[in-house]
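**Q** data07.csv is reproduced in full below (CSV, C-alpha atoms).
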```csv
chain,number,residue,atom,x,y,z
O,1,MET,CA,-21.0,13.6,19.0
O,2,ASN,CA,-19.4,11.7,16.1
O,3,GLY,CA,-21.3,8.6,17.0
O,4,GLY,CA,-23.3,7.1,14.1
O,5,ASN,CA,-21.6,9.2,11.5
O,6,TYR,CA,-20.7,7.3,8.3
O,7,ILE,CA,-19.9,7.5,4.6
O,8,LYS,CA,-20.6,5.1,1.8
O,9,LEU,CA,-18.7,5.0,-1.5
O,10,GLU,CA,-19.4,2.9,-4.5
O,11,PHE,CA,-17.1,2.8,-7.5
O,12,PRO,CA,-16.0,0.6,-10.4
O,13,ALA,CA,-13.0,-1.7,-9.7
O,14,ARG,CA,-10.6,0.5,-11.5
O,15,SER,CA,-7.1,1.1,-10.1
O,16,ALA,CA,-7.5,4.9,-10.6
O,17,ASN,CA,-10.0,4.8,-7.7
O,18,GLU,CA,-7.5,3.6,-5.1
O,19,ALA,CA,-6.3,7.1,-4.3
O,20,LEU,CA,-9.9,8.4,-4.1
O,21,ALA,CA,-10.9,5.7,-1.7
O,22,ARG,CA,-8.0,6.2,0.8
O,23,SER,CA,-8.3,10.0,0.6
O,24,SER,CA,-12.0,9.9,1.3
O,25,VAL,CA,-11.6,7.7,4.3
O,26,ALA,CA,-8.8,9.9,5.6
O,27,ALA,CA,-10.9,13.0,5.2
O,28,PHE,CA,-13.8,11.2,7.1
O,29,ALA,CA,-11.4,10.0,9.8
O,30,SER,CA,-10.1,13.5,10.5
O,31,GLN,CA,-13.1,14.3,12.7
O,32,LEU,CA,-11.6,11.9,15.2
O,33,ASP,CA,-8.5,14.1,15.3
O,34,PRO,CA,-6.0,11.3,14.6
O,35,THR,CA,-2.3,11.8,14.6
O,36,LEU,CA,-0.4,11.8,11.3
O,37,ASP,CA,0.8,8.3,11.9
O,38,GLU,CA,-2.7,7.1,12.7
O,39,LEU,CA,-4.0,8.7,9.5
O,40,GLY,CA,-1.1,7.2,7.5
O,41,ASP,CA,-1.9,3.7,8.9
O,42,ILE,CA,-5.6,4.1,8.0
O,43,LYS,CA,-4.8,5.3,4.5
O,44,THR,CA,-2.5,2.3,4.0
O,45,ALA,CA,-5.0,-0.3,5.2
O,46,VAL,CA,-7.7,1.2,2.9
O,47,SER,CA,-5.3,1.2,0.0
O,48,GLU,CA,-4.5,-2.5,0.6
O,49,ALA,CA,-8.2,-3.6,1.0
O,50,VAL,CA,-9.4,-1.7,-2.1
O,51,THR,CA,-6.4,-2.9,-4.2
O,52,ASN,CA,-7.2,-6.5,-3.2
O,53,ALA,CA,-10.8,-6.1,-4.5
O,54,ILE,CA,-9.6,-4.4,-7.7
O,55,VAL,CA,-6.8,-6.9,-8.5
O,56,HIS,CA,-8.5,-10.2,-7.4
O,57,ALA,CA,-12.2,-10.0,-7.2
O,58,TYR,CA,-13.2,-9.5,-10.9
O,59,PRO,CA,-10.7,-11.2,-13.2
O,60,SER,CA,-12.9,-10.9,-16.3
O,61,VAL,CA,-15.5,-8.2,-15.7
O,62,LEU,CA,-15.4,-4.6,-14.5
O,63,GLY,CA,-17.2,-5.1,-11.1
O,64,THR,CA,-18.1,-2.7,-8.3
O,65,VAL,CA,-16.4,-2.1,-5.0
O,66,TRP,CA,-18.4,-0.8,-2.0
O,67,LEU,CA,-16.8,0.9,0.9
O,68,ARG,CA,-18.3,2.1,4.2
O,69,ALA,CA,-16.5,4.0,7.0
O,70,ARG,CA,-18.3,4.7,10.2
O,71,ILE,CA,-17.6,5.8,13.7
O,72,LEU,CA,-18.5,3.5,16.6
O,73,ASP,CA,-18.6,4.6,20.3
O,74,GLY,CA,-17.4,8.0,19.3
O,75,GLU,CA,-13.8,6.9,18.9
O,76,VAL,CA,-13.5,3.7,16.8
O,77,LEU,CA,-13.2,3.9,13.0
O,78,GLU,CA,-14.7,0.9,11.3
O,79,ILE,CA,-14.0,0.4,7.6
O,80,THR,CA,-15.7,-2.2,5.4
O,81,VAL,CA,-14.6,-3.0,1.8
O,82,ARG,CA,-16.9,-5.3,-0.1
O,83,ASP,CA,-17.1,-6.8,-3.5
O,84,ARG,CA,-19.3,-9.3,-5.3
O,85,GLY,CA,-16.4,-11.0,-7.1
O,86,LYS,CA,-15.0,-14.5,-7.2
O,87,GLY,CA,-14.2,-14.8,-3.5
O,88,ILE,CA,-11.2,-16.3,-1.8
O,89,GLU,CA,-11.0,-20.1,-1.8
O,90,ASP,CA,-8.6,-20.4,1.1
O,91,ILE,CA,-8.6,-17.4,3.5
O,92,ARG,CA,-5.9,-18.8,5.8
O,93,GLN,CA,-3.5,-19.0,2.9
O,94,ALA,CA,-4.5,-15.5,1.6
O,95,LEU,CA,-3.6,-14.1,5.0
O,96,GLU,CA,-0.1,-15.6,5.1
O,97,PRO,CA,2.7,-13.1,4.6
O,98,LEU,CA,4.2,-13.1,1.1
O,99,PHE,CA,1.4,-15.3,-0.3
O,100,THR,CA,0.1,-13.8,-3.6
O,101,THR,CA,-1.6,-14.9,-6.8
O,102,GLY,CA,-0.9,-11.4,-8.2
O,103,GLY,CA,2.5,-12.0,-9.8
O,104,ASP,CA,5.6,-9.9,-9.2
O,105,GLU,CA,3.7,-6.6,-9.2
O,106,ARG,CA,2.2,-7.7,-5.8
O,107,SER,CA,4.2,-8.4,-2.7
O,108,GLY,CA,1.8,-10.6,-0.8
O,109,MET,CA,2.0,-8.2,2.2
O,110,GLY,CA,-1.5,-6.6,1.9
O,111,PHE,CA,-3.3,-8.5,4.7
O,112,THR,CA,-0.2,-8.4,6.8
O,113,ILE,CA,-0.1,-4.7,6.6
O,114,MET,CA,-3.9,-4.4,7.3
O,115,ASP,CA,-3.5,-6.6,10.3
O,116,ASN,CA,-0.5,-4.7,11.6
O,117,PHE,CA,-1.9,-1.2,11.1
O,118,MET,CA,-5.5,-1.8,12.3
O,119,ASP,CA,-6.7,-3.1,15.7
O,120,LYS,CA,-9.0,-5.7,14.3
O,121,LEU,CA,-9.3,-7.4,10.9
O,122,ARG,CA,-12.1,-9.7,9.8
O,123,VAL,CA,-12.3,-11.3,6.4
O,124,LYS,CA,-15.4,-13.0,5.1
O,125,SER,CA,-15.5,-14.6,1.7
O,126,VAL,CA,-17.8,-17.0,-0.2
O,127,PRO,CA,-16.3,-18.4,-3.4
O,128,GLY,CA,-18.4,-17.2,-6.3
O,129,LYS,CA,-20.2,-14.6,-4.2
O,130,GLY,CA,-17.7,-12.1,-3.0
O,131,THR,CA,-15.5,-10.9,-0.2
O,132,SER,CA,-15.9,-8.4,2.6
O,133,VAL,CA,-13.0,-7.1,4.8
O,134,THR,CA,-13.9,-5.2,7.9
O,135,MET,CA,-11.2,-3.5,10.0
O,136,THR,CA,-11.4,-1.2,13.0
O,137,ARG,CA,-9.0,1.2,14.6
O,138,ARG,CA,-9.5,3.1,17.9
O,139,ILE,CA,-8.4,6.7,17.7
O,140,ARG,CA,-7.6,7.8,21.2
O,141,GLN,CA,-8.9,11.3,22.0
O,142,LYS,CA,-6.1,13.7,22.8
O,143,ARG,CA,-6.5,16.2,25.5
Y,1,MET,CA,3.8,9.9,-9.0
Y,2,LYS,CA,7.1,11.1,-10.5
Y,3,VAL,CA,10.4,9.3,-11.1
Y,4,TYR,CA,13.6,11.3,-11.2
Y,5,SER,CA,17.1,9.8,-11.6
Y,6,ALA,CA,20.8,10.7,-11.3
Y,7,TYR,CA,23.7,8.6,-12.5
Y,8,GLN,CA,27.3,8.9,-11.6
Y,9,ASP,CA,30.2,6.4,-11.5
Y,10,GLY,CA,28.1,3.2,-11.7
Y,11,ARG,CA,25.6,4.4,-9.1
Y,12,LEU,CA,22.0,5.1,-10.3
Y,13,THR,CA,19.9,7.0,-7.8
Y,14,ILE,CA,16.1,6.9,-8.3
Y,15,PHE,CA,14.0,9.5,-6.6
Y,16,LEU,CA,10.3,8.7,-6.2
Y,17,GLN,CA,7.9,11.7,-5.6
Y,18,GLY,CA,4.2,11.6,-4.7
Y,19,GLU,CA,2.1,8.5,-3.9
Y,20,LEU,CA,3.0,5.0,-5.0
Y,21,ASP,CA,0.2,2.5,-5.1
Y,22,HIS,CA,-1.0,-0.3,-7.4
Y,23,HIS,CA,-2.3,2.2,-9.9
Y,24,GLU,CA,1.1,3.8,-10.3
Y,25,ILE,CA,3.3,0.8,-10.1
Y,26,LYS,CA,3.2,-0.3,-13.7
Y,27,SER,CA,4.4,3.0,-15.1
Y,28,SER,CA,7.0,3.4,-12.4
Y,29,VAL,CA,8.4,-0.1,-12.9
Y,30,SER,CA,8.7,0.4,-16.6
Y,31,VAL,CA,10.5,3.8,-16.2
Y,32,ILE,CA,12.9,2.2,-13.6
Y,33,GLU,CA,13.6,-0.8,-15.8
Y,34,SER,CA,14.4,1.3,-18.8
Y,35,LEU,CA,16.8,3.4,-16.6
Y,36,ILE,CA,18.5,0.2,-15.5
Y,37,GLU,CA,18.8,-1.1,-19.0
Y,38,GLN,CA,20.3,2.2,-20.1
Y,39,TYR,CA,22.9,2.6,-17.3
Y,40,MET,CA,23.5,-1.0,-16.2
Y,41,PRO,CA,24.5,0.3,-12.7
Y,42,ARG,CA,26.5,-1.6,-10.1
Y,43,ALA,CA,24.5,0.1,-7.4
Y,44,CYS,CA,20.9,1.4,-7.4
Y,45,ILE,CA,19.7,3.6,-4.7
Y,46,LEU,CA,16.0,4.2,-4.2
Y,47,ASP,CA,15.6,7.5,-2.5
Y,48,LEU,CA,12.2,8.0,-0.8
Y,49,ARG,CA,12.7,11.4,0.7
Y,50,SER,CA,9.9,12.9,-1.5
Y,51,LEU,CA,7.6,9.9,-1.4
Y,52,SER,CA,4.5,11.0,0.6
Y,53,PHE,CA,2.7,7.6,0.6
Y,54,MET,CA,3.2,4.0,-0.4
Y,55,ASP,CA,1.4,0.8,0.2
Y,56,SER,CA,2.5,-2.8,-0.3
Y,57,SER,CA,2.9,-2.0,-4.0
Y,58,GLY,CA,6.1,-0.2,-3.0
Y,59,ILE,CA,7.3,-3.3,-1.2
Y,60,ALA,CA,6.8,-5.2,-4.5
Y,61,LEU,CA,8.8,-2.5,-6.4
Y,62,ILE,CA,11.7,-2.6,-3.9
Y,63,LEU,CA,11.9,-6.4,-4.0
Y,64,ARG,CA,11.8,-6.4,-7.8
Y,65,LEU,CA,14.5,-3.8,-8.0
Y,66,SER,CA,16.7,-5.7,-5.6
Y,67,LYS,CA,16.3,-8.9,-7.6
Y,68,GLN,CA,17.1,-7.1,-10.9
Y,69,LEU,CA,20.3,-5.6,-9.5
Y,70,SER,CA,21.5,-8.9,-8.1
Y,71,GLN,CA,21.0,-10.5,-11.5
Y,72,LEU,CA,23.3,-7.8,-12.8
Y,73,GLY,CA,25.8,-8.6,-10.1
Y,74,GLY,CA,25.0,-5.3,-8.3
Y,75,ARG,CA,23.1,-4.2,-5.3
Y,76,ALA,CA,20.1,-2.1,-4.5
Y,77,TRP,CA,19.0,-0.3,-1.3
Y,78,VAL,CA,16.7,2.3,0.0
Y,79,GLU,CA,17.7,5.6,1.4
Y,80,ASN,CA,15.9,8.5,3.2
Y,81,ALA,CA,12.7,6.5,4.0
Y,82,ALA,CA,10.6,8.5,6.5
Y,83,GLY,CA,7.0,8.8,7.8
Y,84,GLN,CA,4.3,6.6,6.3
Y,85,PRO,CA,6.6,4.8,3.7
Y,86,LEU,CA,9.0,3.9,6.5
Y,87,ARG,CA,6.2,2.4,8.7
Y,88,VAL,CA,5.1,0.2,5.7
Y,89,ILE,CA,8.7,-0.9,5.2
Y,90,ASP,CA,9.0,-1.7,8.9
Y,91,ALA,CA,5.8,-3.7,8.9
Y,92,SER,CA,6.8,-5.7,5.9
Y,93,GLY,CA,10.1,-6.8,7.4
Y,94,ILE,CA,12.0,-6.3,4.1
Y,95,ASP,CA,14.7,-4.3,5.9
Y,96,ARG,CA,16.0,-7.8,6.9
Y,97,LEU,CA,16.6,-8.5,3.2
Y,98,ILE,CA,17.5,-5.0,1.9
Y,99,ARG,CA,19.4,-2.2,3.5
Y,100,VAL,CA,17.1,0.7,4.4
Y,101,THR,CA,18.3,3.9,5.8
Y,102,ALA,CA,15.8,6.3,7.4
Y,103,GLY,CA,15.6,9.9,6.6
Y,104,LYS,CA,14.4,12.9,8.5
Y,105,GLU,CA,10.7,12.9,9.4
Y,106,GLY,CA,8.9,15.7,7.6
Y,107,ALA,CA,11.6,16.0,4.9
Y,108,VAL,CA,8.9,15.5,2.3
```
What is this structure when it is put down as structure tokens?

**A**
Amino acid sequence: MNGGNYIKLEFPARSANEALARSSVAAFASQLDPTLDELGDIKTAVSEAVTNAIVHAYPSVLGTVWLRARILDGEVLEITVRDRGKGIEDIRQALEPLFTTGGDERSGMGFTIMDNFMDKLRVKSVPGKGTSVTMTRRIRQKR
Amino acid sequence: MKVYSAYQDGRLTIFLQGELDHHEIKSSVSVIESLIEQYMPRACILDLRSLSFMDSSGIALILRLSKQLSQLGGRAWVENAAGQPLRVIDASGIDRLIRVTAGKEGAV
């Protein structure tokens, strides 16, 4: 029924778009009838992924962020956030809790929260080419 | 995102209302820092009862506030965290460093 449904968003890497990105995905996810906690977790994970792209991917130019959300098997929400920015040199280090290159406005908890709140998290990055973060969360159908 | 405050007897209470993310953090931090400079409180309470959303930017803000207060010889903590912000606090583990008291779910 919901299988194959998707949305795609493309926006400039401006922090003002963080709220738009998480609200759009939350609105899309609502067709799976998630609980408030599930919806909160999804919004948080999207906020973290999009913020990472905005803060880190494009240090000197205003780049673009691409987001896709889709429904797999009728009950799994998959979200991909992609940029064509500078990439991550050391993904393992970036995934460590409290590691950040973002100064004291960042906590270094972004990937930890994505990992905690979603079922699966996959990070692909090529230095100089960009980064893509894909995460999934199964929304169990309530009777 | 709105920041309200109340001061009494060395205790500064800061109320955050709305959604706290990376876009909002700069202005919130500068409002909070000027409140701290103004009052030089011994205790600073971050009251999250009206905060409907925060991501890890909120964790950075809490850690920063706590560091600032300990530099002043005071202490900061979080009160009335509930719902989504509480889940983020729990996932981050900062409640091992800073006192966090939970509020009623749905008080927002």

**Q** How would you write as a list in words the residues that get within 10 Å of (27.8, -0.1, -16.0) in the file's frame, counting all atoms listed in the file?

**A**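 Within 10 Å of (27.8, -0.1, -16.0), the protein and nucleic acid residues are Asp9, Gly10, Arg11, Leu12, Ile36, Glu37, Gln38, Tyr39, Met40, Pro41, Arg42, Ala43, Leu72 and Gly74 of chain Y.
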
**Q** Around (-14.7, -8.1, 0.2) in the file's frame, which residues reach within 8 Å when counting only C-alpha atoms? Return as a PyMOL selection string?

**A** chain O and resi 49+53+80-84+87+123-125+130-133

**Q** With 10 Å as the cut-off and all atoms listed in the file counted, what is the closest atom pair between each nearby residue of stretch 107-143 of chain O and stretch 28-33 of chain O? Distances in Å to one decimal, ordered by chain and number, as CSV.

**A**
```
residue,atom,partner,partner_atom,distance
O:Arg138,CA,O:Leu32,CA,9.4
O:Ile139,CA,O:Leu32,CA,6.6
O:Arg140,CA,O:Leu32,CA,8.3
O:Gln141,CA,O:Asp33,CA,7.3
O:Lys142,CA,O:Asp33,CA,7.9
```

**Q** What residues in chain Y lie within 10 Å of chain O, counting all atoms listed in the file, written as number ranges by chain?

**A** Y: 19-26, 29, 52-64, 83-85, 87-93

**Q** Work out how far atom CA of Y:Leu48 is from atom CA of Y:Trp77, in Å to one decimal.

**A**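 Separating atom CA of Y:Trp77 from atom CA of Y:Leu48 is a distance of 10.7 Å.
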
**Q** What is the distance between atom CA of O:Arg68 and atom CA of Y:Leu51, in Å to one decimal?

**A**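 Atom-to-atom, atom CA of O:Arg68 to atom CA of Y:Leu51, that is 27.6 Å.
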
**Q** Could you give me, as a short mmCIF file (atom, residue, chain, number, x, y, z; two decimals) with C-alpha atoms, in the frame of the given file, the residues within 12 Å of O:Asp73, counting all atoms listed in the file and dropping anything in the same chain fewer than 2 positions from it?

**A**
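See selection26.cif below for the written result:
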```cif
data_model
loop_
_atom_site.label_atom_id
_atom_site.label_comp_id
_atom_site.auth_asym_id
_atom_site.auth_seq_id
_atom_site.Cartn_x
_atom_site.Cartn_y
_atom_site.Cartn_z
CA MET O 1 -21.00 13.60 19.00
CA ASN O 2 -19.40 11.70 16.10
CA GLY O 3 -21.30 8.60 17.00
CA GLY O 4 -23.30 7.10 14.10
CA ASN O 5 -21.60 9.20 11.50
CA LEU O 32 -11.60 11.90 15.20
CA ARG O 70 -18.30 4.70 10.20
CA ILE O 71 -17.60 5.80 13.70
CA GLU O 75 -13.80 6.90 18.90
CA VAL O 76 -13.50 3.70 16.80
CA LEU O 77 -13.20 3.90 13.00
CA GLU O 78 -14.70 0.90 11.30
CA THR O 136 -11.40 -1.20 13.00
CA ARG O 137 -9.00 1.20 14.60
CA ARG O 138 -9.50 3.10 17.90
CA ILE O 139 -8.40 6.70 17.70
CA ARG O 140 -7.60 7.80 21.20
CA GLN O 141 -8.90 11.30 22.00
#
```

**Q** One decimal, Å: what's the distance from atom CA of Y:Ile45 over to atom CA of Y:Glu79, could you say?

**A**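 Interatomic distance here is 6.7 Å.
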
**Q** Can you fill out stretch 63-82 of chain Y with N, CA and C atoms and hand it back as a compact mmCIF listing (two decimals), in the frame of the given file?

**A**
```
# COMPACT_ATOMS: atom_id res chain seq x y z
N LEU Y 63 11.44 -5.02 -3.85
CA LEU Y 63 11.90 -6.40 -4.00
C LEU Y 63 12.32 -6.69 -5.43
N ARG Y 64 11.53 -6.17 -6.35
CA ARG Y 64 11.80 -6.40 -7.80
C ARG Y 64 13.10 -5.73 -8.19
N LEU Y 65 13.30 -4.51 -7.72
CA LEU Y 65 14.50 -3.80 -8.00
C LEU Y 65 15.75 -4.49 -7.49
N SER Y 66 15.62 -4.99 -6.26
CA SER Y 66 16.70 -5.70 -5.60
C SER Y 66 17.10 -6.95 -6.40
N LYS Y 67 16.06 -7.66 -6.85
CA LYS Y 67 16.30 -8.90 -7.60
C LYS Y 67 16.99 -8.58 -8.94
N GLN Y 68 16.51 -7.53 -9.59
CA GLN Y 68 17.10 -7.10 -10.90
C GLN Y 68 18.57 -6.79 -10.74
N LEU Y 69 18.89 -6.02 -9.69
CA LEU Y 69 20.30 -5.60 -9.50
C LEU Y 69 21.17 -6.79 -9.16
N SER Y 70 20.64 -7.75 -8.37
CA SER Y 70 21.50 -8.90 -8.10
C SER Y 70 21.72 -9.76 -9.29
N GLN Y 71 20.74 -9.76 -10.20
CA GLN Y 71 21.00 -10.50 -11.50
C GLN Y 71 22.05 -9.82 -12.31
N LEU Y 72 22.23 -8.52 -12.13
CA LEU Y 72 23.30 -7.80 -12.80
C LEU Y 72 24.60 -7.82 -12.08
N GLY Y 73 24.60 -8.51 -10.95
CA GLY Y 73 25.80 -8.60 -10.10
C GLY Y 73 25.97 -7.31 -9.27
N GLY Y 74 24.91 -6.53 -9.13
CA GLY Y 74 25.00 -5.30 -8.30
C GLY Y 74 24.13 -5.38 -7.10
N ARG Y 75 23.84 -4.23 -6.52
CA ARG Y 75 23.10 -4.20 -5.30
C ARG Y 75 22.16 -2.99 -5.27
N ALA Y 76 21.01 -3.17 -4.67
CA ALA Y 76 20.10 -2.10 -4.50
C ALA Y 76 19.75 -1.84 -3.08
N TRP Y 77 19.51 -0.61 -2.70
CA TRP Y 77 19.00 -0.30 -1.30
C TRP Y 77 18.19 0.92 -1.31
N VAL Y 78 17.62 1.16 -0.13
CA VAL Y 78 16.70 2.30 0.00
C VAL Y 78 17.29 3.31 0.96
N GLU Y 79 17.17 4.56 0.56
CA GLU Y 79 17.70 5.60 1.40
C GLU Y 79 16.58 6.67 1.69
N ASN Y 80 16.73 7.34 2.82
CA ASN Y 80 15.90 8.50 3.20
C ASN Y 80 14.38 8.10 3.30
N ALA Y 81 14.09 6.89 3.76
CA ALA Y 81 12.70 6.50 4.00
C ALA Y 81 12.24 7.19 5.30
N ALA Y 82 11.06 7.78 5.29
CA ALA Y 82 10.60 8.50 6.50
C ALA Y 82 9.05 8.39 6.53
```
